[in-house]
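Have a look at upload34.pdb; it's PDB, N, CA, C and O atoms, pLDDT in the B column:
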```
ATOM      1  N   MET A   1     106.832   0.794   1.347  1.00 49.00           N
ATOM      2  CA  MET A   1     105.486   1.049   0.874  1.00 49.00           C
ATOM      3  C   MET A   1     105.410   0.674  -0.597  1.00 49.00           C
ATOM      4  O   MET A   1     106.235   1.065  -1.398  1.00 49.00           O
ATOM      5  N   SER A   2     104.399  -0.064  -0.950  1.00 55.00           N
ATOM      6  CA  SER A   2     104.154  -0.412  -2.331  1.00 55.00           C
ATOM      7  C   SER A   2     103.644   0.811  -3.075  1.00 55.00           C
ATOM      8  O   SER A   2     102.851   1.592  -2.542  1.00 55.00           O
ATOM      9  N   LEU A   3     104.095   0.985  -4.312  1.00 53.00           N
ATOM     10  CA  LEU A   3     103.607   2.113  -5.106  1.00 53.00           C
ATOM     11  C   LEU A   3     102.139   1.949  -5.484  1.00 53.00           C
ATOM     12  O   LEU A   3     101.506   2.880  -5.940  1.00 53.00           O
ATOM     13  N   LEU A   4     101.604   0.744  -5.274  1.00 58.00           N
ATOM     14  CA  LEU A   4     100.194   0.511  -5.583  1.00 58.00           C
ATOM     15  C   LEU A   4      99.290   0.797  -4.397  1.00 58.00           C
ATOM     16  O   LEU A   4      98.083   0.780  -4.523  1.00 58.00           O
ATOM     17  N   SER A   5      99.871   1.041  -3.231  1.00 65.00           N
ATOM     18  CA  SER A   5      99.056   1.304  -2.042  1.00 65.00           C
ATOM     19  C   SER A   5      99.216   2.744  -1.611  1.00 65.00           C
ATOM     20  O   SER A   5     100.138   3.436  -2.018  1.00 65.00           O
ATOM     21  N   GLY A   6      98.325   3.195  -0.769  1.00 83.00           N
ATOM     22  CA  GLY A   6      98.390   4.554  -0.250  1.00 83.00           C
ATOM     23  C   GLY A   6      97.754   5.538  -1.205  1.00 83.00           C
ATOM     24  O   GLY A   6      97.369   5.217  -2.329  1.00 83.00           O
ATOM     25  N   THR A   7      97.665   6.750  -0.740  1.00 89.00           N
ATOM     26  CA  THR A   7      97.067   7.800  -1.551  1.00 89.00           C
ATOM     27  C   THR A   7      98.087   8.330  -2.560  1.00 89.00           C
ATOM     28  O   THR A   7      99.277   8.029  -2.475  1.00 89.00           O
ATOM     29  N   HIS A   8      97.597   9.103  -3.483  1.00 90.00           N
ATOM     30  CA  HIS A   8      98.490   9.729  -4.456  1.00 90.00           C
ATOM     31  C   HIS A   8      99.535  10.571  -3.730  1.00 90.00           C
ATOM     32  O   HIS A   8     100.716  10.551  -4.083  1.00 90.00           O
ATOM     33  N   SER A   9      99.115  11.314  -2.712  1.00 91.00           N
ATOM     34  CA  SER A   9     100.046  12.140  -1.941  1.00 91.00           C
ATOM     35  C   SER A   9     101.114  11.296  -1.255  1.00 91.00           C
ATOM     36  O   SER A   9     102.284  11.686  -1.210  1.00 91.00           O
ATOM     37  N   ASP A  10     100.717  10.145  -0.730  1.00 90.00           N
ATOM     38  CA  ASP A  10     101.684   9.237  -0.095  1.00 90.00           C
ATOM     39  C   ASP A  10     102.726   8.760  -1.107  1.00 90.00           C
ATOM     40  O   ASP A  10     103.924   8.757  -0.821  1.00 90.00           O
ATOM     41  N   ARG A  11     102.253   8.352  -2.265  1.00 89.00           N
ATOM     42  CA  ARG A  11     103.167   7.857  -3.295  1.00 89.00           C
ATOM     43  C   ARG A  11     104.074   8.976  -3.787  1.00 89.00           C
ATOM     44  O   ARG A  11     105.268   8.763  -4.005  1.00 89.00           O
ATOM     45  N   LEU A  12     103.515  10.165  -3.947  1.00 89.00           N
ATOM     46  CA  LEU A  12     104.310  11.301  -4.391  1.00 89.00           C
ATOM     47  C   LEU A  12     105.380  11.647  -3.356  1.00 89.00           C
ATOM     48  O   LEU A  12     106.544  11.861  -3.704  1.00 89.00           O
ATOM     49  N   ALA A  13     105.005  11.680  -2.097  1.00 89.00           N
ATOM     50  CA  ALA A  13     105.966  11.984  -1.031  1.00 89.00           C
ATOM     51  C   ALA A  13     107.078  10.948  -0.992  1.00 89.00           C
ATOM     52  O   ALA A  13     108.261  11.297  -0.844  1.00 89.00           O
ATOM     53  N   THR A  14     106.739   9.687  -1.146  1.00 88.00           N
ATOM     54  CA  THR A  14     107.740   8.623  -1.150  1.00 88.00           C
ATOM     55  C   THR A  14     108.716   8.819  -2.300  1.00 88.00           C
ATOM     56  O   THR A  14     109.939   8.712  -2.125  1.00 88.00           O
ATOM     57  N   ARG A  15     108.197   9.154  -3.460  1.00 86.00           N
ATOM     58  CA  ARG A  15     109.055   9.351  -4.633  1.00 86.00           C
ATOM     59  C   ARG A  15     109.944  10.580  -4.456  1.00 86.00           C
ATOM     60  O   ARG A  15     111.125  10.554  -4.809  1.00 86.00           O
ATOM     61  N   VAL A  16     109.401  11.648  -3.924  1.00 81.00           N
ATOM     62  CA  VAL A  16     110.195  12.860  -3.701  1.00 81.00           C
ATOM     63  C   VAL A  16     111.330  12.579  -2.729  1.00 81.00           C
ATOM     64  O   VAL A  16     112.470  12.990  -2.952  1.00 81.00           O
ATOM     65  N   ILE A  17     111.043  11.851  -1.667  1.00 85.00           N
ATOM     66  CA  ILE A  17     112.083  11.493  -0.690  1.00 85.00           C
ATOM     67  C   ILE A  17     113.175  10.671  -1.359  1.00 85.00           C
ATOM     68  O   ILE A  17     114.363  10.899  -1.143  1.00 85.00           O
ATOM     69  N   GLU A  18     112.783   9.720  -2.196  1.00 84.00           N
ATOM     70  CA  GLU A  18     113.770   8.899  -2.900  1.00 84.00           C
ATOM     71  C   GLU A  18     114.634   9.760  -3.818  1.00 84.00           C
ATOM     72  O   GLU A  18     115.851   9.598  -3.869  1.00 84.00           O
ATOM     73  N   LEU A  19     114.000  10.667  -4.539  1.00 78.00           N
ATOM     74  CA  LEU A  19     114.746  11.518  -5.465  1.00 78.00           C
ATOM     75  C   LEU A  19     115.700  12.452  -4.731  1.00 78.00           C
ATOM     76  O   LEU A  19     116.826  12.672  -5.164  1.00 78.00           O
ATOM     77  N   LEU A  20     115.242  13.015  -3.623  1.00 78.00           N
ATOM     78  CA  LEU A  20     116.093  13.936  -2.870  1.00 78.00           C
ATOM     79  C   LEU A  20     117.269  13.222  -2.217  1.00 78.00           C
ATOM     80  O   LEU A  20     118.300  13.833  -1.962  1.00 78.00           O
ATOM     81  N   ALA A  21     117.107  11.944  -1.945  1.00 82.00           N
ATOM     82  CA  ALA A  21     118.190  11.168  -1.335  1.00 82.00           C
ATOM     83  C   ALA A  21     119.295  10.855  -2.341  1.00 82.00           C
ATOM     84  O   ALA A  21     120.428  10.582  -1.949  1.00 82.00           O
ATOM     85  N   SER A  22     118.972  10.945  -3.624  1.00 80.00           N
ATOM     86  CA  SER A  22     119.966  10.687  -4.662  1.00 80.00           C
ATOM     87  C   SER A  22     120.906  11.875  -4.780  1.00 80.00           C
ATOM     88  O   SER A  22     120.502  13.026  -4.647  1.00 80.00           O
ATOM     89  N   GLU A  23     122.154  11.572  -5.044  1.00 73.00           N
ATOM     90  CA  GLU A  23     123.167  12.622  -5.133  1.00 73.00           C
ATOM     91  C   GLU A  23     122.917  13.515  -6.347  1.00 73.00           C
ATOM     92  O   GLU A  23     122.644  13.033  -7.440  1.00 73.00           O
ATOM     93  N   GLY A  24     122.985  14.812  -6.136  1.00 76.00           N
ATOM     94  CA  GLY A  24     122.870  15.770  -7.231  1.00 76.00           C
ATOM     95  C   GLY A  24     121.462  16.081  -7.694  1.00 76.00           C
ATOM     96  O   GLY A  24     121.283  16.804  -8.653  1.00 76.00           O
ATOM     97  N   THR A  25     120.475  15.529  -7.037  1.00 77.00           N
ATOM     98  CA  THR A  25     119.113  15.751  -7.511  1.00 77.00           C
ATOM     99  C   THR A  25     118.448  16.968  -6.892  1.00 77.00           C
ATOM    100  O   THR A  25     117.447  17.438  -7.404  1.00 77.00           O
ATOM    101  N   THR A  26     118.997  17.494  -5.829  1.00 78.00           N
ATOM    102  CA  THR A  26     118.370  18.629  -5.151  1.00 78.00           C
ATOM    103  C   THR A  26     118.248  19.828  -6.085  1.00 78.00           C
ATOM    104  O   THR A  26     117.193  20.454  -6.165  1.00 78.00           O
ATOM    105  N   ASP A  27     119.309  20.132  -6.814  1.00 83.00           N
ATOM    106  CA  ASP A  27     119.262  21.260  -7.741  1.00 83.00           C
ATOM    107  C   ASP A  27     118.261  21.012  -8.871  1.00 83.00           C
ATOM    108  O   ASP A  27     117.512  21.912  -9.249  1.00 83.00           O
ATOM    109  N   ARG A  28     118.254  19.802  -9.397  1.00 83.00           N
ATOM    110  CA  ARG A  28     117.294  19.478 -10.463  1.00 83.00           C
ATOM    111  C   ARG A  28     115.874  19.547  -9.946  1.00 83.00           C
ATOM    112  O   ARG A  28     114.970  20.010 -10.645  1.00 83.00           O
ATOM    113  N   PHE A  29     115.659  19.083  -8.729  1.00 80.00           N
ATOM    114  CA  PHE A  29     114.326  19.134  -8.134  1.00 80.00           C
ATOM    115  C   PHE A  29     113.874  20.584  -7.988  1.00 80.00           C
ATOM    116  O   PHE A  29     112.750  20.929  -8.333  1.00 80.00           O
ATOM    117  N   LYS A  30     114.767  21.434  -7.514  1.00 86.00           N
ATOM    118  CA  LYS A  30     114.444  22.850  -7.345  1.00 86.00           C
ATOM    119  C   LYS A  30     114.100  23.482  -8.693  1.00 86.00           C
ATOM    120  O   LYS A  30     113.126  24.223  -8.806  1.00 86.00           O
ATOM    121  N   GLU A  31     114.882  23.184  -9.720  1.00 89.00           N
ATOM    122  CA  GLU A  31     114.617  23.717 -11.055  1.00 89.00           C
ATOM    123  C   GLU A  31     113.257  23.248 -11.574  1.00 89.00           C
ATOM    124  O   GLU A  31     112.502  24.033 -12.157  1.00 89.00           O
ATOM    125  N   THR A  32     112.947  21.991 -11.356  1.00 88.00           N
ATOM    126  CA  THR A  32     111.664  21.455 -11.797  1.00 88.00           C
ATOM    127  C   THR A  32     110.515  22.132 -11.069  1.00 88.00           C
ATOM    128  O   THR A  32     109.500  22.497 -11.677  1.00 88.00           O
ATOM    129  N   GLU A  33     110.652  22.325  -9.773  1.00 91.00           N
ATOM    130  CA  GLU A  33     109.610  22.999  -8.997  1.00 91.00           C
ATOM    131  C   GLU A  33     109.421  24.439  -9.468  1.00 91.00           C
ATOM    132  O   GLU A  33     108.294  24.930  -9.556  1.00 91.00           O
ATOM    133  N   GLU A  34     110.517  25.125  -9.774  1.00 95.00           N
ATOM    134  CA  GLU A  34     110.415  26.499 -10.250  1.00 95.00           C
ATOM    135  C   GLU A  34     109.720  26.560 -11.606  1.00 95.00           C
ATOM    136  O   GLU A  34     108.873  27.427 -11.848  1.00 95.00           O
ATOM    137  N   ARG A  35     110.052  25.618 -12.505  1.00 95.00           N
ATOM    138  CA  ARG A  35     109.378  25.573 -13.814  1.00 95.00           C
ATOM    139  C   ARG A  35     107.900  25.256 -13.651  1.00 95.00           C
ATOM    140  O   ARG A  35     107.054  25.831 -14.335  1.00 95.00           O
ATOM    141  N   THR A  36     107.592  24.345 -12.742  1.00 95.00           N
ATOM    142  CA  THR A  36     106.196  23.996 -12.491  1.00 95.00           C
ATOM    143  C   THR A  36     105.422  25.202 -11.988  1.00 95.00           C
ATOM    144  O   THR A  36     104.295  25.472 -12.441  1.00 95.00           O
ATOM    145  N   LEU A  37     106.003  25.949 -11.071  1.00 95.00           N
ATOM    146  CA  LEU A  37     105.358  27.144 -10.552  1.00 95.00           C
ATOM    147  C   LEU A  37     105.124  28.161 -11.662  1.00 95.00           C
ATOM    148  O   LEU A  37     104.053  28.768 -11.748  1.00 95.00           O
ATOM    149  N   GLN A  38     106.099  28.340 -12.541  1.00 96.00           N
ATOM    150  CA  GLN A  38     105.942  29.268 -13.657  1.00 96.00           C
ATOM    151  C   GLN A  38     104.799  28.834 -14.576  1.00 96.00           C
ATOM    152  O   GLN A  38     104.003  29.665 -15.020  1.00 96.00           O
ATOM    153  N   LEU A  39     104.721  27.534 -14.857  1.00 96.00           N
ATOM    154  CA  LEU A  39     103.640  27.028 -15.703  1.00 96.00           C
ATOM    155  C   LEU A  39     102.274  27.242 -15.059  1.00 96.00           C
ATOM    156  O   LEU A  39     101.326  27.693 -15.710  1.00 96.00           O
ATOM    157  N   LYS A  40     102.175  26.924 -13.782  1.00 95.00           N
ATOM    158  CA  LYS A  40     100.905  27.086 -13.080  1.00 95.00           C
ATOM    159  C   LYS A  40     100.500  28.553 -13.012  1.00 95.00           C
ATOM    160  O   LYS A  40      99.342  28.896 -13.248  1.00 95.00           O
ATOM    161  N   THR A  41     101.466  29.412 -12.698  1.00 96.00           N
ATOM    162  CA  THR A  41     101.178  30.841 -12.603  1.00 96.00           C
ATOM    163  C   THR A  41     100.721  31.374 -13.958  1.00 96.00           C
ATOM    164  O   THR A  41      99.734  32.110 -14.040  1.00 96.00           O
ATOM    165  N   GLY A  42     101.415  30.986 -15.006  1.00 95.00           N
ATOM    166  CA  GLY A  42     101.022  31.412 -16.348  1.00 95.00           C
ATOM    167  C   GLY A  42      99.638  30.933 -16.716  1.00 95.00           C
ATOM    168  O   GLY A  42      98.844  31.670 -17.318  1.00 95.00           O
ATOM    169  N   PHE A  43      99.324  29.699 -16.362  1.00 95.00           N
ATOM    170  CA  PHE A  43      98.005  29.148 -16.657  1.00 95.00           C
ATOM    171  C   PHE A  43      96.916  29.950 -15.958  1.00 95.00           C
ATOM    172  O   PHE A  43      95.944  30.374 -16.582  1.00 95.00           O
ATOM    173  N   TYR A  44      97.063  30.169 -14.674  1.00 94.00           N
ATOM    174  CA  TYR A  44      96.018  30.876 -13.929  1.00 94.00           C
ATOM    175  C   TYR A  44      95.977  32.360 -14.241  1.00 94.00           C
ATOM    176  O   TYR A  44      94.908  32.967 -14.227  1.00 94.00           O
ATOM    177  N   ASP A  45      97.108  32.949 -14.564  1.00 94.00           N
ATOM    178  CA  ASP A  45      97.128  34.369 -14.894  1.00 94.00           C
ATOM    179  C   ASP A  45      96.317  34.685 -16.143  1.00 94.00           C
ATOM    180  O   ASP A  45      95.814  35.795 -16.297  1.00 94.00           O
ATOM    181  N   GLN A  46      96.164  33.701 -17.028  1.00 94.00           N
ATOM    182  CA  GLN A  46      95.389  33.952 -18.239  1.00 94.00           C
ATOM    183  C   GLN A  46      93.923  34.257 -17.939  1.00 94.00           C
ATOM    184  O   GLN A  46      93.228  34.842 -18.755  1.00 94.00           O
ATOM    185  N   PHE A  47      93.470  33.892 -16.753  1.00 93.00           N
ATOM    186  CA  PHE A  47      92.071  34.122 -16.392  1.00 93.00           C
ATOM    187  C   PHE A  47      91.850  35.447 -15.664  1.00 93.00           C
ATOM    188  O   PHE A  47      90.708  35.821 -15.401  1.00 93.00           O
ATOM    189  N   LEU A  48      92.904  36.146 -15.332  1.00 90.00           N
ATOM    190  CA  LEU A  48      92.764  37.409 -14.609  1.00 90.00           C
ATOM    191  C   LEU A  48      91.918  38.438 -15.362  1.00 90.00           C
ATOM    192  O   LEU A  48      91.074  39.098 -14.743  1.00 90.00           O
ATOM    193  N   PRO A  49      92.079  38.600 -16.668  1.00 90.00           N
ATOM    194  CA  PRO A  49      91.206  39.561 -17.367  1.00 90.00           C
ATOM    195  C   PRO A  49      89.722  39.213 -17.242  1.00 90.00           C
ATOM    196  O   PRO A  49      88.878  40.106 -17.128  1.00 90.00           O
ATOM    197  N   ALA A  50      89.379  37.946 -17.220  1.00 87.00           N
ATOM    198  CA  ALA A  50      87.977  37.541 -17.052  1.00 87.00           C
ATOM    199  C   ALA A  50      87.460  37.936 -15.682  1.00 87.00           C
ATOM    200  O   ALA A  50      86.314  38.352 -15.540  1.00 87.00           O
ATOM    201  N   LEU A  51      88.300  37.824 -14.669  1.00 81.00           N
ATOM    202  CA  LEU A  51      87.890  38.229 -13.325  1.00 81.00           C
ATOM    203  C   LEU A  51      87.664  39.725 -13.264  1.00 81.00           C
ATOM    204  O   LEU A  51      86.729  40.198 -12.595  1.00 81.00           O
ATOM    205  N   ASP A  52      88.482  40.487 -13.971  1.00 84.00           N
ATOM    206  CA  ASP A  52      88.293  41.927 -14.015  1.00 84.00           C
ATOM    207  C   ASP A  52      86.960  42.284 -14.663  1.00 84.00           C
ATOM    208  O   ASP A  52      86.263  43.195 -14.218  1.00 84.00           O
ATOM    209  N   ARG A  53      86.579  41.555 -15.713  1.00 83.00           N
ATOM    210  CA  ARG A  53      85.287  41.821 -16.386  1.00 83.00           C
ATOM    211  C   ARG A  53      84.119  41.491 -15.474  1.00 83.00           C
ATOM    212  O   ARG A  53      83.112  42.198 -15.473  1.00 83.00           O
ATOM    213  N   VAL A  54      84.231  40.450 -14.696  1.00 82.00           N
ATOM    214  CA  VAL A  54      83.145  40.048 -13.800  1.00 82.00           C
ATOM    215  C   VAL A  54      83.005  41.050 -12.660  1.00 82.00           C
ATOM    216  O   VAL A  54      81.904  41.368 -12.226  1.00 82.00           O
ATOM    217  N   ALA A  55      84.111  41.589 -12.205  1.00 75.00           N
ATOM    218  CA  ALA A  55      84.102  42.502 -11.052  1.00 75.00           C
ATOM    219  C   ALA A  55      83.510  43.857 -11.409  1.00 75.00           C
ATOM    220  O   ALA A  55      83.034  44.580 -10.527  1.00 75.00           O
ATOM    221  N   THR A  56      83.495  44.213 -12.675  1.00 67.00           N
ATOM    222  CA  THR A  56      82.970  45.529 -13.056  1.00 67.00           C
ATOM    223  C   THR A  56      81.533  45.467 -13.491  1.00 67.00           C
ATOM    224  O   THR A  56      80.901  44.539 -13.662  1.00 67.00           O
TER
END
```

Would you write the structure of this file as structure tokens?
Amino acid sequence: MSLLSGTHSDRLATRVIELLASEGTTDRFKETEERTLQLKTGFYDQFLPALDRVAT
């Protein structure tokens, strides 16, 4: 598959498969996913106080 064709999800899946097939990348991939989750959670958690104000 050409990196210029397909959807973003297709290209991302292809790249993830390539990275996971490389030796030693599984642990790094897991660490990256965990950091990404922490960043996303932190970002969205900052809005929780606003939701509390709207609910009251």

Taking all listed atoms of stretch 35-46 of chain A, build the axis-aligned box, pad each of the six sides by 6 Å, then write its centre and edge lengths in Å to one decimal as AutoDock Vina command-line options.
```
--center_x 101.6 --center_y 29.9 --center_z -14.7 --size_x 28.8 --size_y 23.8 --size_z 20.2
```

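One distance worth recording is that between atom C of A:Asp10 and atom N of A:Gln38, which is 22.9 Å.
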
| task | To one decimal in Å, tell me the separation between atom O of A:Arg28 and atom N of A:Val16. | result | 12.1 Å

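Note that atom O of A:Lys30 and atom N of A:Arg11 are 20.3 Å apart.
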
Could you pull out the residues in chain A that DSSP calls alpha helix (DSSP H) from the backbone, as a short mmCIF file (atom, residue, chain, number, x, y, z; two decimals) with N, CA, C and O atoms, in the coordinates of the input?
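What ended up in result_24.cif:
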```cif
data_model
loop_
_atom_site.label_atom_id
_atom_site.label_comp_id
_atom_site.auth_asym_id
_atom_site.auth_seq_id
_atom_site.Cartn_x
_atom_site.Cartn_y
_atom_site.Cartn_z
N HIS A 8 97.60 9.10 -3.48
CA HIS A 8 98.49 9.73 -4.46
C HIS A 8 99.54 10.57 -3.73
O HIS A 8 100.72 10.55 -4.08
N SER A 9 99.12 11.31 -2.71
CA SER A 9 100.05 12.14 -1.94
C SER A 9 101.11 11.30 -1.25
O SER A 9 102.28 11.69 -1.21
N ASP A 10 100.72 10.14 -0.73
CA ASP A 10 101.68 9.24 -0.10
C ASP A 10 102.73 8.76 -1.11
O ASP A 10 103.92 8.76 -0.82
N ARG A 11 102.25 8.35 -2.26
CA ARG A 11 103.17 7.86 -3.30
C ARG A 11 104.07 8.98 -3.79
O ARG A 11 105.27 8.76 -4.00
N LEU A 12 103.52 10.16 -3.95
CA LEU A 12 104.31 11.30 -4.39
C LEU A 12 105.38 11.65 -3.36
O LEU A 12 106.54 11.86 -3.70
N ALA A 13 105.00 11.68 -2.10
CA ALA A 13 105.97 11.98 -1.03
C ALA A 13 107.08 10.95 -0.99
O ALA A 13 108.26 11.30 -0.84
N THR A 14 106.74 9.69 -1.15
CA THR A 14 107.74 8.62 -1.15
C THR A 14 108.72 8.82 -2.30
O THR A 14 109.94 8.71 -2.12
N ARG A 15 108.20 9.15 -3.46
CA ARG A 15 109.06 9.35 -4.63
C ARG A 15 109.94 10.58 -4.46
O ARG A 15 111.12 10.55 -4.81
N VAL A 16 109.40 11.65 -3.92
CA VAL A 16 110.20 12.86 -3.70
C VAL A 16 111.33 12.58 -2.73
O VAL A 16 112.47 12.99 -2.95
N ILE A 17 111.04 11.85 -1.67
CA ILE A 17 112.08 11.49 -0.69
C ILE A 17 113.18 10.67 -1.36
O ILE A 17 114.36 10.90 -1.14
N GLU A 18 112.78 9.72 -2.20
CA GLU A 18 113.77 8.90 -2.90
C GLU A 18 114.63 9.76 -3.82
O GLU A 18 115.85 9.60 -3.87
N LEU A 19 114.00 10.67 -4.54
CA LEU A 19 114.75 11.52 -5.46
C LEU A 19 115.70 12.45 -4.73
O LEU A 19 116.83 12.67 -5.16
N LEU A 20 115.24 13.02 -3.62
CA LEU A 20 116.09 13.94 -2.87
C LEU A 20 117.27 13.22 -2.22
O LEU A 20 118.30 13.83 -1.96
N ALA A 21 117.11 11.94 -1.94
CA ALA A 21 118.19 11.17 -1.34
C ALA A 21 119.30 10.86 -2.34
O ALA A 21 120.43 10.58 -1.95
N THR A 25 120.48 15.53 -7.04
CA THR A 25 119.11 15.75 -7.51
C THR A 25 118.45 16.97 -6.89
O THR A 25 117.45 17.44 -7.40
N THR A 26 119.00 17.49 -5.83
CA THR A 26 118.37 18.63 -5.15
C THR A 26 118.25 19.83 -6.08
O THR A 26 117.19 20.45 -6.16
N ASP A 27 119.31 20.13 -6.81
CA ASP A 27 119.26 21.26 -7.74
C ASP A 27 118.26 21.01 -8.87
O ASP A 27 117.51 21.91 -9.25
N ARG A 28 118.25 19.80 -9.40
CA ARG A 28 117.29 19.48 -10.46
C ARG A 28 115.87 19.55 -9.95
O ARG A 28 114.97 20.01 -10.64
N PHE A 29 115.66 19.08 -8.73
CA PHE A 29 114.33 19.13 -8.13
C PHE A 29 113.87 20.58 -7.99
O PHE A 29 112.75 20.93 -8.33
N LYS A 30 114.77 21.43 -7.51
CA LYS A 30 114.44 22.85 -7.34
C LYS A 30 114.10 23.48 -8.69
O LYS A 30 113.13 24.22 -8.81
N GLU A 31 114.88 23.18 -9.72
CA GLU A 31 114.62 23.72 -11.06
C GLU A 31 113.26 23.25 -11.57
O GLU A 31 112.50 24.03 -12.16
N THR A 32 112.95 21.99 -11.36
CA THR A 32 111.66 21.46 -11.80
C THR A 32 110.52 22.13 -11.07
O THR A 32 109.50 22.50 -11.68
N GLU A 33 110.65 22.32 -9.77
CA GLU A 33 109.61 23.00 -9.00
C GLU A 33 109.42 24.44 -9.47
O GLU A 33 108.29 24.93 -9.56
N GLU A 34 110.52 25.12 -9.77
CA GLU A 34 110.42 26.50 -10.25
C GLU A 34 109.72 26.56 -11.61
O GLU A 34 108.87 27.43 -11.85
N ARG A 35 110.05 25.62 -12.50
CA ARG A 35 109.38 25.57 -13.81
C ARG A 35 107.90 25.26 -13.65
O ARG A 35 107.05 25.83 -14.34
N THR A 36 107.59 24.34 -12.74
CA THR A 36 106.20 24.00 -12.49
C THR A 36 105.42 25.20 -11.99
O THR A 36 104.30 25.47 -12.44
N LEU A 37 106.00 25.95 -11.07
CA LEU A 37 105.36 27.14 -10.55
C LEU A 37 105.12 28.16 -11.66
O LEU A 37 104.05 28.77 -11.75
N GLN A 38 106.10 28.34 -12.54
CA GLN A 38 105.94 29.27 -13.66
C GLN A 38 104.80 28.83 -14.58
O GLN A 38 104.00 29.66 -15.02
N LEU A 39 104.72 27.53 -14.86
CA LEU A 39 103.64 27.03 -15.70
C LEU A 39 102.27 27.24 -15.06
O LEU A 39 101.33 27.69 -15.71
N LYS A 40 102.18 26.92 -13.78
CA LYS A 40 100.90 27.09 -13.08
C LYS A 40 100.50 28.55 -13.01
O LYS A 40 99.34 28.90 -13.25
N THR A 41 101.47 29.41 -12.70
CA THR A 41 101.18 30.84 -12.60
C THR A 41 100.72 31.37 -13.96
O THR A 41 99.73 32.11 -14.04
N GLY A 42 101.42 30.99 -15.01
CA GLY A 42 101.02 31.41 -16.35
C GLY A 42 99.64 30.93 -16.72
O GLY A 42 98.84 31.67 -17.32
N PHE A 43 99.32 29.70 -16.36
CA PHE A 43 98.00 29.15 -16.66
C PHE A 43 96.92 29.95 -15.96
O PHE A 43 95.94 30.37 -16.58
N TYR A 44 97.06 30.17 -14.67
CA TYR A 44 96.02 30.88 -13.93
C TYR A 44 95.98 32.36 -14.24
O TYR A 44 94.91 32.97 -14.23
N ASP A 45 97.11 32.95 -14.56
CA ASP A 45 97.13 34.37 -14.89
C ASP A 45 96.32 34.68 -16.14
O ASP A 45 95.81 35.80 -16.30
N LEU A 48 92.90 36.15 -15.33
CA LEU A 48 92.76 37.41 -14.61
C LEU A 48 91.92 38.44 -15.36
O LEU A 48 91.07 39.10 -14.74
N PRO A 49 92.08 38.60 -16.67
CA PRO A 49 91.21 39.56 -17.37
C PRO A 49 89.72 39.21 -17.24
O PRO A 49 88.88 40.11 -17.13
N ALA A 50 89.38 37.95 -17.22
CA ALA A 50 87.98 37.54 -17.05
C ALA A 50 87.46 37.94 -15.68
O ALA A 50 86.31 38.35 -15.54
N LEU A 51 88.30 37.82 -14.67
CA LEU A 51 87.89 38.23 -13.32
C LEU A 51 87.66 39.72 -13.26
O LEU A 51 86.73 40.20 -12.60
N ASP A 52 88.48 40.49 -13.97
CA ASP A 52 88.29 41.93 -14.02
C ASP A 52 86.96 42.28 -14.66
O ASP A 52 86.26 43.20 -14.22
N ARG A 53 86.58 41.56 -15.71
CA ARG A 53 85.29 41.82 -16.39
C ARG A 53 84.12 41.49 -15.47
O ARG A 53 83.11 42.20 -15.47
N VAL A 54 84.23 40.45 -14.70
CA VAL A 54 83.14 40.05 -13.80
C VAL A 54 83.00 41.05 -12.66
O VAL A 54 81.90 41.37 -12.23
N ALA A 55 84.11 41.59 -12.20
CA ALA A 55 84.10 42.50 -11.05
C ALA A 55 83.51 43.86 -11.41
O ALA A 55 83.03 44.58 -10.53
#
```
